[in-house]
$ cat protein_3.txt   # compact mmCIF, C-alpha atoms
# COMPACT_ATOMS: atom_id res chain seq x y z
CA MET A 1 5.42 22.77 -221.73
CA ASP A 2 6.37 24.31 -218.41
CA THR A 3 9.69 22.73 -217.37
CA LYS A 4 8.63 22.92 -213.71
CA LYS A 5 6.10 20.20 -214.44
CA TYR A 6 8.67 17.74 -215.73
CA LEU A 7 8.91 14.57 -213.65
CA PHE A 8 12.62 14.19 -214.45
CA SER A 9 15.06 17.08 -214.59
CA ASN A 10 18.29 16.85 -216.57
CA LYS A 11 20.03 16.10 -213.29
CA ASP A 12 17.57 13.26 -212.59
CA LEU A 13 18.18 11.80 -216.05
CA VAL A 14 21.95 11.96 -215.66
CA LYS A 15 21.66 10.35 -212.22
CA LEU A 16 19.59 7.54 -213.74
CA ILE A 17 21.54 7.05 -216.98
CA LEU A 18 25.20 7.31 -215.93
CA PRO A 19 25.09 4.34 -213.51
CA LEU A 20 23.30 2.34 -216.22
CA ILE A 21 26.02 3.13 -218.74
CA ALA A 22 28.70 2.27 -216.17
CA ASP A 23 26.89 -0.98 -215.38
CA GLN A 24 26.54 -1.93 -219.04
CA PHE A 25 30.17 -1.07 -219.70
CA LEU A 26 31.24 -3.15 -216.72
CA GLN A 27 29.21 -6.14 -217.88
CA ALA A 28 30.56 -5.85 -221.41
CA LEU A 29 34.13 -5.46 -220.14
CA VAL A 30 33.80 -8.49 -217.89
CA GLY A 31 32.23 -10.44 -220.76
CA LEU A 32 35.20 -9.50 -222.94
CA ALA A 33 37.71 -10.44 -220.24
CA ASP A 34 35.75 -13.64 -219.61
CA SER A 35 35.91 -14.65 -223.24
CA VAL A 36 39.65 -13.90 -223.42
CA MET A 37 40.17 -16.11 -220.36
CA ILE A 38 38.03 -18.84 -221.88
CA ALA A 39 40.01 -18.55 -225.11
CA SER A 40 43.10 -19.56 -223.14
CA VAL A 41 41.38 -22.89 -222.46
CA GLY A 42 40.81 -23.41 -226.19
CA GLU A 43 38.40 -22.66 -229.04
CA ALA A 44 36.27 -25.66 -228.02
CA ALA A 45 35.67 -23.99 -224.64
CA VAL A 46 34.78 -20.69 -226.33
CA SER A 47 32.33 -22.51 -228.57
CA GLY A 48 30.82 -24.58 -225.75
CA VAL A 49 30.23 -21.58 -223.48
CA SER A 50 28.82 -19.59 -226.40
CA LEU A 51 26.29 -22.29 -227.25
CA VAL A 52 25.07 -22.71 -223.67
CA ASP A 53 25.04 -18.98 -222.95
CA THR A 54 22.79 -18.43 -225.95
CA LEU A 55 20.32 -20.85 -224.37
CA MET A 56 20.76 -19.24 -220.95
CA PHE A 57 20.07 -15.82 -222.44
CA LEU A 58 16.79 -17.23 -223.75
CA VAL A 59 15.73 -18.27 -220.26
CA ILE A 60 17.03 -15.10 -218.61
CA SER A 61 15.34 -12.88 -221.21
CA ILE A 62 11.94 -14.42 -220.47
CA PHE A 63 12.24 -13.60 -216.77
CA ALA A 64 13.71 -10.19 -217.59
CA ALA A 65 10.59 -9.51 -219.66
CA ALA A 66 8.38 -10.41 -216.69
CA ALA A 67 10.55 -8.15 -214.53
CA THR A 68 10.07 -5.34 -217.03
CA GLY A 69 6.30 -5.86 -216.90
CA GLY A 70 6.28 -5.70 -213.11
CA ALA A 71 8.56 -2.67 -213.04
CA VAL A 72 6.42 -0.79 -215.58
CA ILE A 73 3.28 -1.48 -213.53
CA ALA A 74 5.05 -0.37 -210.34
CA GLY A 75 6.37 2.72 -212.14
CA GLN A 76 2.92 3.67 -213.39
CA TYR A 77 1.57 3.39 -209.84
CA LEU A 78 4.39 5.65 -208.67
CA GLY A 79 3.42 8.12 -211.39
CA LYS A 80 -0.11 8.08 -209.96
CA GLY A 81 1.27 8.67 -206.46
CA ASN A 82 0.10 5.27 -205.17
CA GLU A 83 3.16 3.78 -203.45
CA GLU A 84 1.18 1.07 -201.66
CA MET A 85 0.04 -0.46 -204.93
CA ALA A 86 3.55 -0.08 -206.35
CA CYS A 87 4.88 -2.19 -203.47
CA ARG A 88 2.15 -4.79 -203.88
CA ALA A 89 2.94 -5.04 -207.60
CA ALA A 90 6.62 -5.51 -206.76
CA ASN A 91 5.84 -8.29 -204.30
CA GLU A 92 3.66 -10.06 -206.83
CA LEU A 93 6.48 -9.84 -209.35
CA LEU A 94 8.96 -11.44 -206.92
CA ARG A 95 6.51 -14.24 -206.08
CA PHE A 96 5.93 -15.07 -209.71
CA ILE A 97 9.62 -14.92 -210.62
CA LEU A 98 10.61 -17.20 -207.73
CA LYS A 99 8.00 -19.87 -208.50
CA ALA A 100 8.51 -19.85 -212.27
CA SER A 101 12.33 -19.82 -212.15
CA LEU A 102 12.47 -22.80 -209.80
CA ALA A 103 10.18 -24.76 -212.13
CA VAL A 104 12.29 -23.86 -215.16
CA THR A 105 15.49 -24.89 -213.37
CA VAL A 106 14.11 -28.35 -212.62
CA LEU A 107 12.96 -28.79 -216.23
CA ALA A 108 16.33 -27.58 -217.54
CA TYR A 109 18.22 -30.22 -215.57
CA LEU A 110 15.81 -32.99 -216.55
CA GLY A 111 16.06 -32.09 -220.23
CA ARG A 112 19.79 -31.31 -220.35
CA ASN A 113 20.75 -34.10 -222.79
CA LEU A 114 17.69 -33.50 -224.95
CA ILE A 115 18.62 -29.82 -225.25
CA ILE A 116 22.11 -30.66 -226.47
CA GLN A 117 20.89 -33.18 -229.04
CA THR A 118 17.90 -31.19 -230.30
CA VAL A 119 19.01 -27.56 -230.12
CA PHE A 120 22.74 -27.71 -230.79
CA GLY A 121 22.56 -30.57 -233.27
CA LYS A 122 25.73 -32.27 -234.42
CA ILE A 123 28.72 -30.63 -232.75
CA GLU A 124 32.29 -31.79 -232.27
CA PRO A 125 32.92 -34.07 -229.23
CA ASP A 126 35.16 -31.61 -227.35
CA VAL A 127 32.58 -28.83 -227.79
CA MET A 128 29.84 -31.17 -226.55
CA TYR A 129 31.87 -32.03 -223.43
CA ASN A 130 32.29 -28.36 -222.58
CA CYS A 131 28.57 -27.77 -223.12
CA LYS A 132 27.59 -30.54 -220.71
CA VAL A 133 29.93 -29.45 -217.91
CA TYR A 134 28.99 -25.78 -218.25
CA MET A 135 25.26 -26.61 -218.22
CA LEU A 136 25.59 -28.72 -215.10
CA LEU A 137 27.17 -25.88 -213.15
CA VAL A 138 25.30 -22.79 -214.37
CA PHE A 139 21.69 -23.98 -214.57
CA VAL A 140 21.41 -23.71 -210.78
CA SER A 141 21.91 -19.95 -211.10
CA ILE A 142 18.67 -19.41 -213.08
CA PRO A 143 16.53 -18.40 -210.03
CA MET A 144 19.38 -16.22 -208.73
CA ILE A 145 19.80 -14.16 -211.90
CA ALA A 146 16.03 -13.99 -212.42
CA LEU A 147 15.43 -12.49 -208.95
CA TYR A 148 18.43 -10.19 -209.35
CA ASN A 149 17.05 -8.81 -212.62
CA ALA A 150 13.63 -8.33 -211.03
CA GLY A 151 15.21 -6.39 -208.18
CA THR A 152 17.26 -4.14 -210.45
CA SER A 153 14.17 -3.42 -212.58
CA LEU A 154 12.27 -2.31 -209.49
CA PHE A 155 15.08 -0.01 -208.38
CA ARG A 156 15.16 1.52 -211.85
CA ALA A 157 11.40 2.06 -211.58
CA MET A 158 12.18 4.20 -208.53
CA GLY A 159 14.78 6.15 -210.52
CA ASP A 160 17.64 4.52 -208.61
CA SER A 161 20.15 2.77 -210.87
CA ALA A 162 23.22 3.48 -208.71
CA LEU A 163 22.61 0.61 -206.28
CA ALA A 164 22.27 -1.92 -209.10
CA MET A 165 25.54 -0.61 -210.54
CA LYS A 166 27.36 -1.14 -207.23
CA ILE A 167 26.00 -4.66 -206.85
CA SER A 168 26.88 -5.39 -210.46
CA LEU A 169 30.41 -4.16 -209.77
CA LEU A 170 30.73 -6.66 -206.93
CA MET A 171 29.08 -9.48 -208.91
CA ASN A 172 31.35 -9.02 -211.88
CA GLY A 173 34.37 -8.62 -209.63
CA VAL A 174 33.61 -11.99 -208.02
CA ASN A 175 33.09 -13.49 -211.46
CA ILE A 176 36.27 -12.30 -213.10
CA GLY A 177 38.35 -12.82 -209.95
CA GLY A 178 37.06 -16.37 -209.68
CA ASN A 179 37.83 -17.01 -213.32
CA ALA A 180 41.39 -15.75 -212.91
CA LEU A 181 41.92 -17.92 -209.83
CA LEU A 182 40.43 -21.12 -211.24
CA ILE A 183 41.70 -20.83 -214.83
CA TYR A 184 45.18 -19.38 -214.33
CA GLY A 185 45.83 -20.25 -210.69
CA LEU A 186 44.34 -23.73 -210.35
CA HIS A 187 44.46 -24.55 -214.07
CA ARG A 188 40.85 -25.64 -214.28
CA GLY A 189 39.04 -25.91 -217.59
CA ILE A 190 35.42 -25.12 -218.34
CA GLU A 191 34.45 -25.42 -214.65
CA GLY A 192 36.80 -22.52 -213.96
CA VAL A 193 34.39 -20.39 -215.97
CA ALA A 194 31.12 -21.88 -214.70
CA VAL A 195 31.65 -21.88 -210.93
CA PRO A 196 32.44 -18.14 -210.57
CA THR A 197 29.42 -17.32 -212.75
CA THR A 198 27.07 -19.18 -210.42
CA VAL A 199 28.66 -17.86 -207.21
CA SER A 200 28.62 -14.25 -208.42
CA ARG A 201 24.93 -14.46 -209.37
CA GLY A 202 24.10 -15.86 -205.93
CA VAL A 203 25.90 -12.96 -204.23
CA ALA A 204 24.08 -10.41 -206.40
CA CYS A 205 20.68 -12.01 -205.73
CA VAL A 206 21.12 -11.92 -201.95
CA LEU A 207 22.27 -8.30 -201.97
CA ILE A 208 19.51 -6.92 -204.21
CA LEU A 209 16.83 -8.61 -202.10
CA TYR A 210 18.48 -7.32 -198.91
CA TYR A 211 18.25 -3.71 -200.10
CA LEU A 212 14.77 -4.18 -201.56
CA ASP A 213 13.65 -5.29 -198.10
CA LYS A 214 14.26 -1.82 -196.62
CA PRO A 215 10.95 0.04 -195.91
CA LYS A 216 12.53 3.44 -196.65
CA ASN A 217 12.40 2.64 -200.38
CA ARG A 218 9.34 3.83 -202.29
CA ILE A 219 9.10 0.24 -203.56
CA HIS A 220 9.98 -2.44 -201.04
CA ILE A 221 9.15 -5.98 -199.93
CA CYS A 222 6.01 -6.10 -197.79
CA HIS A 223 5.98 -8.04 -194.53
CA PRO A 224 4.96 -10.68 -193.85
CA PHE A 225 5.99 -11.80 -197.33
CA SER A 226 3.37 -14.20 -198.63
CA MET A 227 3.61 -16.67 -201.50
CA LYS A 228 -0.13 -16.26 -202.13
CA THR A 229 -0.86 -14.83 -205.58
CA GLU A 230 -2.79 -11.59 -206.07
CA PRO A 231 -4.63 -12.39 -209.33
CA MET A 232 -5.44 -8.77 -210.23
CA LEU A 233 -1.82 -7.65 -210.00
CA LEU A 234 -0.46 -10.77 -211.64
CA LYS A 235 -2.84 -10.23 -214.55
CA LYS A 236 -1.52 -6.69 -215.04
CA ILE A 237 2.09 -7.85 -214.83
CA LEU A 238 1.53 -10.70 -217.27
CA TYR A 239 -0.40 -8.42 -219.63
CA LEU A 240 2.91 -6.65 -220.18
CA GLY A 241 5.24 -9.51 -219.29
CA ILE A 242 3.84 -12.22 -221.58
CA PRO A 243 4.12 -10.23 -224.84
CA ASN A 244 7.56 -8.99 -223.79
CA GLY A 245 8.52 -12.52 -222.80
CA LEU A 246 7.33 -13.97 -226.10
CA GLU A 247 9.14 -11.22 -227.97
CA ASN A 248 12.39 -11.78 -226.07
CA SER A 249 12.12 -15.57 -226.22
CA MET A 250 11.46 -15.52 -229.96
CA PHE A 251 14.47 -13.25 -230.37
CA GLN A 252 16.72 -15.58 -228.38
CA LEU A 253 15.16 -18.70 -229.93
CA GLY A 254 15.88 -17.21 -233.33
CA LYS A 255 19.50 -16.71 -232.28
CA ILE A 256 19.66 -20.34 -231.16
CA LEU A 257 18.24 -21.59 -234.45
CA VAL A 258 20.65 -19.36 -236.34
CA LEU A 259 23.45 -20.67 -234.13
CA SER A 260 22.66 -24.19 -235.33
CA VAL A 261 23.39 -22.89 -238.83
CA VAL A 262 26.65 -21.33 -237.63
CA SER A 263 27.71 -24.56 -235.92
CA GLY A 264 27.61 -26.27 -239.31
CA PHE A 265 30.35 -23.97 -240.60
CA GLY A 266 32.96 -25.31 -238.16
CA THR A 267 34.79 -24.25 -235.00
CA ALA A 268 36.37 -21.15 -236.57
CA SER A 269 32.95 -19.74 -237.48
CA ILE A 270 31.50 -20.58 -234.05
CA ALA A 271 34.44 -18.90 -232.33
CA ALA A 272 34.24 -15.84 -234.61
CA ASN A 273 30.50 -15.54 -233.94
CA ALA A 274 31.07 -15.81 -230.17
CA VAL A 275 33.88 -13.24 -230.13
CA ALA A 276 31.91 -10.87 -232.37
CA ASN A 277 28.96 -11.09 -229.98
CA ASN A 278 31.19 -10.18 -227.04
CA ILE A 279 32.78 -7.19 -228.76
CA ALA A 280 29.46 -6.07 -230.25
CA SER A 281 28.06 -5.52 -226.76
CA PHE A 282 30.36 -2.48 -226.43
CA ALA A 283 28.98 -0.97 -229.63
CA ILE A 284 25.38 -0.78 -228.35
CA LEU A 285 26.27 -0.16 -224.70
CA PRO A 286 25.06 3.47 -224.29
CA GLY A 287 21.93 2.71 -226.29
CA LEU A 288 21.02 -0.20 -224.02
CA ALA A 289 21.56 1.93 -220.93
CA MET A 290 19.34 4.73 -222.20
CA GLY A 291 16.75 2.19 -223.28
CA PHE A 292 16.62 0.87 -219.72
CA ALA A 293 16.24 4.45 -218.49
CA MET A 294 13.46 5.19 -220.97
CA LEU A 295 11.20 2.53 -219.45
CA PRO A 296 10.83 4.00 -215.92
CA VAL A 297 10.81 7.57 -217.25
CA ALA A 298 8.02 6.86 -219.73
CA ALA A 299 6.13 4.61 -217.27
CA GLN A 300 5.90 7.34 -214.62
CA CYS A 301 4.81 9.88 -217.25
CA VAL A 302 2.13 7.46 -218.49
CA GLY A 303 1.00 6.87 -214.90
CA ALA A 304 0.67 10.64 -214.49
CA GLY A 305 -1.40 10.74 -217.70
CA ASP A 306 0.99 13.13 -219.48
CA PHE A 307 1.75 11.74 -222.94
CA GLU A 308 3.22 15.01 -224.19
CA MET A 309 5.90 14.53 -221.56
CA VAL A 310 6.47 10.98 -222.83
CA SER A 311 7.10 12.36 -226.32
CA TYR A 312 9.40 15.05 -224.94
CA TYR A 313 11.62 12.54 -223.13
CA THR A 314 11.58 10.12 -226.08
CA LYS A 315 12.89 12.75 -228.48
CA LYS A 316 15.39 14.10 -225.93
CA LEU A 317 16.90 10.70 -225.17
CA MET A 318 16.78 9.54 -228.80
CA LYS A 319 19.09 12.40 -229.80
CA ALA A 320 21.46 11.49 -226.97
CA VAL A 321 21.41 7.82 -228.04
CA TYR A 322 22.54 8.63 -231.58
CA VAL A 323 25.40 10.82 -230.36
CA CYS A 324 26.61 8.26 -227.83
CA LEU A 325 26.35 5.34 -230.26
CA PHE A 326 28.43 7.19 -232.83
CA LEU A 327 31.18 7.72 -230.24
CA SER A 328 31.09 4.14 -228.89
CA ASN A 329 31.17 2.58 -232.37
CA ALA A 330 34.01 4.83 -233.50
CA ALA A 331 35.98 3.60 -230.49
CA VAL A 332 35.19 -0.05 -231.26
CA VAL A 333 36.30 0.28 -234.89
CA LEU A 334 39.57 1.99 -233.92
CA LEU A 335 40.40 -0.61 -231.26
CA LEU A 336 39.16 -3.63 -233.20
CA PRO A 337 42.53 -4.90 -234.49
CA PHE A 338 44.02 -4.84 -230.97
CA ILE A 339 41.00 -6.50 -229.36
CA ILE A 340 40.85 -9.33 -231.90
CA ARG A 341 44.58 -9.95 -231.46
CA ALA A 342 44.03 -10.38 -227.70
CA TYR A 343 41.82 -13.40 -228.33
CA GLY A 344 44.57 -15.33 -230.08
CA LEU A 345 42.15 -16.61 -232.71
CA SER A 346 43.18 -18.48 -235.79
CA GLU A 347 43.70 -16.36 -238.91
CA GLU A 348 40.44 -17.62 -240.38
CA ALA A 349 38.37 -16.83 -237.26
CA ALA A 350 40.01 -13.40 -236.87
CA GLY A 351 39.17 -12.51 -240.47
CA TYR A 352 35.53 -13.46 -239.99
CA THR A 353 35.33 -11.44 -236.77
CA TYR A 354 36.78 -8.26 -238.27
CA ARG A 355 34.44 -8.27 -241.27
CA ILE A 356 31.38 -8.99 -239.11
CA LEU A 357 32.06 -6.18 -236.66
CA LEU A 358 32.66 -3.50 -239.29
CA PHE A 359 29.23 -4.28 -240.75
CA TYR A 360 27.65 -4.46 -237.29
CA CYS A 361 28.91 -1.04 -236.21
CA GLY A 362 27.48 0.49 -239.37
CA CYS A 363 24.06 -0.95 -238.53
CA VAL A 364 24.23 0.26 -234.94
CA VAL A 365 24.82 3.93 -235.75
CA THR A 366 21.99 4.01 -238.30
CA VAL A 367 19.03 1.77 -237.43
CA TRP A 368 19.60 0.34 -233.92
CA PRO A 369 17.94 3.24 -232.00
CA LEU A 370 14.76 2.99 -234.06
CA SER A 371 14.71 -0.80 -233.72
CA PHE A 372 15.45 -1.18 -230.00
CA PHE A 373 15.33 2.16 -228.15
CA LEU A 374 12.09 3.56 -229.58
CA PRO A 375 9.99 0.43 -228.76
CA ASN A 376 10.66 1.01 -225.04
CA THR A 377 8.38 4.04 -225.17
CA LEU A 378 5.65 1.84 -226.64
CA ARG A 379 6.21 -0.84 -223.99
CA ALA A 380 6.08 1.68 -221.14
CA ALA A 381 2.71 2.83 -222.51
CA ALA A 382 1.50 -0.82 -222.54
CA ASP A 383 1.53 -1.04 -226.35
CA VAL A 384 3.13 -4.46 -226.02
CA LYS A 385 1.04 -6.56 -228.41
CA PHE A 386 2.19 -4.60 -231.44
CA THR A 387 5.86 -4.74 -230.43
CA MET A 388 5.55 -8.49 -229.83
CA ILE A 389 3.83 -9.29 -233.13
CA LEU A 390 6.18 -7.14 -235.18
CA SER A 391 9.30 -8.52 -233.49
CA VAL A 392 8.20 -12.14 -233.89
CA VAL A 393 7.29 -11.68 -237.57
CA SER A 394 10.53 -9.82 -238.29
CA MET A 395 12.58 -12.45 -236.48
CA TRP A 396 11.14 -15.42 -238.37
CA VAL A 397 10.88 -13.81 -241.78
CA PHE A 398 14.09 -11.78 -241.88
CA ARG A 399 16.48 -12.89 -239.11
CA ILE A 400 15.96 -16.62 -239.62
CA GLY A 401 14.73 -16.74 -243.23
CA CYS A 402 17.44 -14.43 -244.55
CA SER A 403 20.08 -16.22 -242.45
CA VAL A 404 19.37 -19.46 -244.28
CA LEU A 405 19.17 -17.63 -247.61
CA PHE A 406 22.36 -15.60 -247.17
CA ALA A 407 24.53 -18.00 -245.18
CA VAL A 408 23.62 -21.30 -246.85
CA HIS A 409 22.06 -20.75 -250.26
CA MET A 410 24.12 -17.67 -251.18
CA GLU A 411 27.18 -19.25 -249.49
CA MET A 412 28.04 -16.17 -247.43
CA GLY A 413 28.91 -18.30 -244.39
CA VAL A 414 28.83 -16.81 -240.90
CA PHE A 415 28.81 -13.25 -242.29
CA GLY A 416 25.43 -14.02 -243.87
CA ILE A 417 23.97 -14.48 -240.39
CA TRP A 418 24.91 -10.92 -239.46
CA ALA A 419 23.75 -9.54 -242.80
CA ALA A 420 20.32 -11.04 -242.08
CA MET A 421 20.39 -9.27 -238.71
CA GLY A 422 20.82 -5.95 -240.52
CA VAL A 423 17.73 -6.61 -242.67
CA ASP A 424 15.77 -7.52 -239.54
CA TRP A 425 16.78 -4.30 -237.77
CA LEU A 426 15.88 -2.15 -240.77
CA PHE A 427 12.39 -3.59 -241.01
CA ARG A 428 11.77 -3.18 -237.28
CA GLY A 429 13.04 0.39 -237.28
CA VAL A 430 10.71 1.47 -240.08
CA CYS A 431 7.65 -0.18 -238.51
CA PHE A 432 8.29 1.11 -234.96
CA SER A 433 8.83 4.63 -236.29
CA VAL A 434 5.49 4.56 -238.10
CA ARG A 435 3.71 3.17 -235.01
CA TYR A 436 5.16 5.87 -232.77
CA ALA A 437 4.31 8.66 -235.22
CA ARG A 438 0.68 7.56 -235.52
CA GLY A 439 0.25 7.84 -231.72
CA LYS A 440 -2.07 4.90 -231.03
CA TRP A 441 0.12 4.03 -228.04
CA ARG A 442 -1.22 7.13 -226.26
CA HIS A 443 -4.65 5.53 -225.80
CA ILE A 444 -3.68 2.27 -224.08
CA SER A 445 -3.92 2.06 -220.26
CA VAL A 446 -3.24 -0.65 -217.66
CA VAL A 447 -3.39 0.98 -214.19
$ encode --input "protein_3.txt" --output "structure tokens"
Amino acid sequence: MDTKKYLFSNKDLVKLILPLIADQFLQALVGLADSVMIASVGEAAVSGVSLVDTLMFLVISIFAAAATGGAVIAGQYLGKGNEEMACRAANELLRFILKASLAVTVLAYLGRNLIIQTVFGKIEPDVMYNCKVYMLLVFVSIPMIALYNAGTSLFRAMGDSALAMKISLLMNGVNIGGNALLIYGLHRGIEGVAVPTTVSRGVACVLILYYLDKPKNRIHICHPFSMKTEPMLLKKILYLGIPNGLENSMFQLGKILVLSVVSGFGTASIAANAVANNIASFAILPGLAMGFAMLPVAAQCVGAGDFEMVSYYTKKLMKAVYVCLFLSNAAVVLLLPFIIRAYGLSEEAAGYTYRILLFYCGCVVTVWPLSFFLPNTLRAAADVKFTMILSVVSMWVFRIGCSVLFAVHMEMGVFGIWAAMGVDWLFRGVCFSVRYARGKWRHISVV
């Protein structure tokens, strides 16, 4: 292939990927610092925030999936050279996200007690108290984070990830600064974690919409902004968004159901699971960033009708993912004893955490790219039904089924939950690799 015909040069890829890696690193670092600060309040606070955040991630992931659908559609229109339709698709995405997120927020507040009783099951009183307070203060941020994610997806569709990184820097700065002030300065408890989270998301939402409103952007908010739905565009967005949303929601729902198993093992296991999740985010950080980059790159190539170019970028970035994941996981393993010590966990919880993360890093450097990076090529080509069905089946059969088998029946405890995750990843990786190699994704079109 003539390199002059490539839509993205190496310089373009670096410009897109490096801010994404910096953003992911920043988020993971703030999450780590957050959890260390929460740990100073007590293990009950760590457990309470972990339980609620798992539920919040479910909600956020659904809207992130819709944002991905809208960004892919907008990116495909850009690949076709139709910026007007790209802008209209972006506006339809924002309308849908705003309406749906407000409705979900109302339902979340109305069903707050039901969620605690049904989803979290029987938990210790101090953990339940922290759950209730944290829910009360962070649920209001659902529309804010949903619109922020939609805006960042649209900027990535334009090949601009630097702005999102800068806003994320400010958002996380407000968050961690607020935590430090309220927890250490004013000696607040769980509210010292919740209030800065909500405020920082509000700041980020306002800023991303402000910049998206500028007409100089290839994708921007149209004026006058109308709340009237464009059925044709919404149908295209939901064609991609609904399968992605179901896939993401099943993934997060599975984590919630698995968490109910973990909660039965006691506070030490809940705390170890929460800490392991925070540290694990560093292990997959470069892979996530390149996965985000793969979506707009592949979407524009699909819009241009050049599937050979899609394959070229998939292989190119896949090699880079493996190299970067090896380096990031080596760093995590080397630093693991020092990081765990910073949490001040009990000896039992620290032991669980160390064992879990050694296993996790091994899975990341072998099967994670095939399980989570490669499917982004399929999604950008609108092959979303297959990815949804496979992910849902794998989640219920392996992630949940094996969790019960390993953790409860084989008495492996909290480590059994993570062992089941490894089986789930392996199955996904094999199936996605076969799907990609067969090439059916090349014959699916949306715009």
$ closest_residue --input "protein_3.txt" --among "A:Met171, A:Ala420, A:Val30, A:Ile400" --to "Phe359 of chain A" --atoms "only C-alpha atoms"
A:Ala420
$ closest_residue --input "protein_3.txt" --among "A:Cys402, A:Pro19, A:Ala381, A:Ile97" --to "Leu234 of chain A" --atoms "all atoms listed in the file"
A:Ile97
$ closest_residue --input "protein_3.txt" --among "A:Arg112, A:Lys11, A:Lys236, A:Arg438" --to "Glu92 of chain A" --atoms "only C-alpha atoms"
A:Lys236
$ residues_around --input "protein_3.txt" --residues "segment 69-79 of chain A" --least-positions-apart "6" --cutoff "9 Å" --atoms "all atoms listed in the file" --output "VMD selection string"
chain A and resid 7 85 to 90 92 to 94 150 153 to 158 218 to 219 233 to 234 236 to 242 244 295 to 305 379 to 382 446 to 447
$ residues_around --input "protein_3.txt" --residues "Ile142 of chain A" --least-positions-apart "3" --cutoff "12 Å" --atoms "all atoms listed in the file" --output "PDB file with C-alpha atoms, keeping the file's coordinate frame"
ATOM      1  CA  ASP A  53      25.040 -18.980-222.950  1.00  0.00           C
ATOM      2  CA  LEU A  55      20.320 -20.850-224.370  1.00  0.00           C
ATOM      3  CA  MET A  56      20.760 -19.240-220.950  1.00  0.00           C
ATOM      4  CA  PHE A  57      20.070 -15.820-222.440  1.00  0.00           C
ATOM      5  CA  LEU A  58      16.790 -17.230-223.750  1.00  0.00           C
ATOM      6  CA  VAL A  59      15.730 -18.270-220.260  1.00  0.00           C
ATOM      7  CA  ILE A  60      17.030 -15.100-218.610  1.00  0.00           C
ATOM      8  CA  SER A  61      15.340 -12.880-221.210  1.00  0.00           C
ATOM      9  CA  ILE A  62      11.940 -14.420-220.470  1.00  0.00           C
ATOM     10  CA  PHE A  63      12.240 -13.600-216.770  1.00  0.00           C
ATOM     11  CA  ALA A  64      13.710 -10.190-217.590  1.00  0.00           C
ATOM     12  CA  ILE A  97       9.620 -14.920-210.620  1.00  0.00           C
ATOM     13  CA  LEU A  98      10.610 -17.200-207.730  1.00  0.00           C
ATOM     14  CA  LYS A  99       8.000 -19.870-208.500  1.00  0.00           C
ATOM     15  CA  ALA A 100       8.510 -19.850-212.270  1.00  0.00           C
ATOM     16  CA  SER A 101      12.330 -19.820-212.150  1.00  0.00           C
ATOM     17  CA  LEU A 102      12.470 -22.800-209.800  1.00  0.00           C
ATOM     18  CA  ALA A 103      10.180 -24.760-212.130  1.00  0.00           C
ATOM     19  CA  VAL A 104      12.290 -23.860-215.160  1.00  0.00           C
ATOM     20  CA  THR A 105      15.490 -24.890-213.370  1.00  0.00           C
ATOM     21  CA  VAL A 106      14.110 -28.350-212.620  1.00  0.00           C
ATOM     22  CA  LEU A 107      12.960 -28.790-216.230  1.00  0.00           C
ATOM     23  CA  ALA A 108      16.330 -27.580-217.540  1.00  0.00           C
ATOM     24  CA  TYR A 109      18.220 -30.220-215.570  1.00  0.00           C
ATOM     25  CA  MET A 135      25.260 -26.610-218.220  1.00  0.00           C
ATOM     26  CA  LEU A 136      25.590 -28.720-215.100  1.00  0.00           C
ATOM     27  CA  LEU A 137      27.170 -25.880-213.150  1.00  0.00           C
ATOM     28  CA  VAL A 138      25.300 -22.790-214.370  1.00  0.00           C
ATOM     29  CA  PHE A 139      21.690 -23.980-214.570  1.00  0.00           C
ATOM     30  CA  ILE A 145      19.800 -14.160-211.900  1.00  0.00           C
ATOM     31  CA  ALA A 146      16.030 -13.990-212.420  1.00  0.00           C
ATOM     32  CA  LEU A 147      15.430 -12.490-208.950  1.00  0.00           C
ATOM     33  CA  TYR A 148      18.430 -10.190-209.350  1.00  0.00           C
ATOM     34  CA  ASN A 149      17.050  -8.810-212.620  1.00  0.00           C
ATOM     35  CA  THR A 197      29.420 -17.320-212.750  1.00  0.00           C
ATOM     36  CA  THR A 198      27.070 -19.180-210.420  1.00  0.00           C
ATOM     37  CA  VAL A 199      28.660 -17.860-207.210  1.00  0.00           C
ATOM     38  CA  ARG A 201      24.930 -14.460-209.370  1.00  0.00           C
ATOM     39  CA  GLY A 202      24.100 -15.860-205.930  1.00  0.00           C
ATOM     40  CA  CYS A 205      20.680 -12.010-205.730  1.00  0.00           C
TER      41      CYS A 205
END
$ residues_around --input "protein_3.txt" --residues "Tyr313 of chain A" --least-positions-apart "3" --cutoff "9 Å" --atoms "all atoms listed in the file" --output "mmCIF file with C-alpha atoms, in the frame of the given file"
data_model
loop_
_atom_site.group_PDB
_atom_site.id
_atom_site.type_symbol
_atom_site.label_atom_id
_atom_site.label_comp_id
_atom_site.auth_asym_id
_atom_site.auth_seq_id
_atom_site.Cartn_x
_atom_site.Cartn_y
_atom_site.Cartn_z
ATOM 1 C CA PHE A 8 12.620 14.190 -214.450
ATOM 2 C CA MET A 294 13.460 5.190 -220.970
ATOM 3 C CA VAL A 297 10.810 7.570 -217.250
ATOM 4 C CA ALA A 298 8.020 6.860 -219.730
ATOM 5 C CA GLU A 308 3.220 15.010 -224.190
ATOM 6 C CA MET A 309 5.900 14.530 -221.560
ATOM 7 C CA VAL A 310 6.470 10.980 -222.830
ATOM 8 C CA LYS A 316 15.390 14.100 -225.930
ATOM 9 C CA LEU A 317 16.900 10.700 -225.170
ATOM 10 C CA MET A 318 16.780 9.540 -228.800
#
$ atom_distance --input "protein_3.txt" --atom1 "atom CA of Asn273 of chain A" --atom2 "atom CA of Leu26 of chain A"
21.2 Å
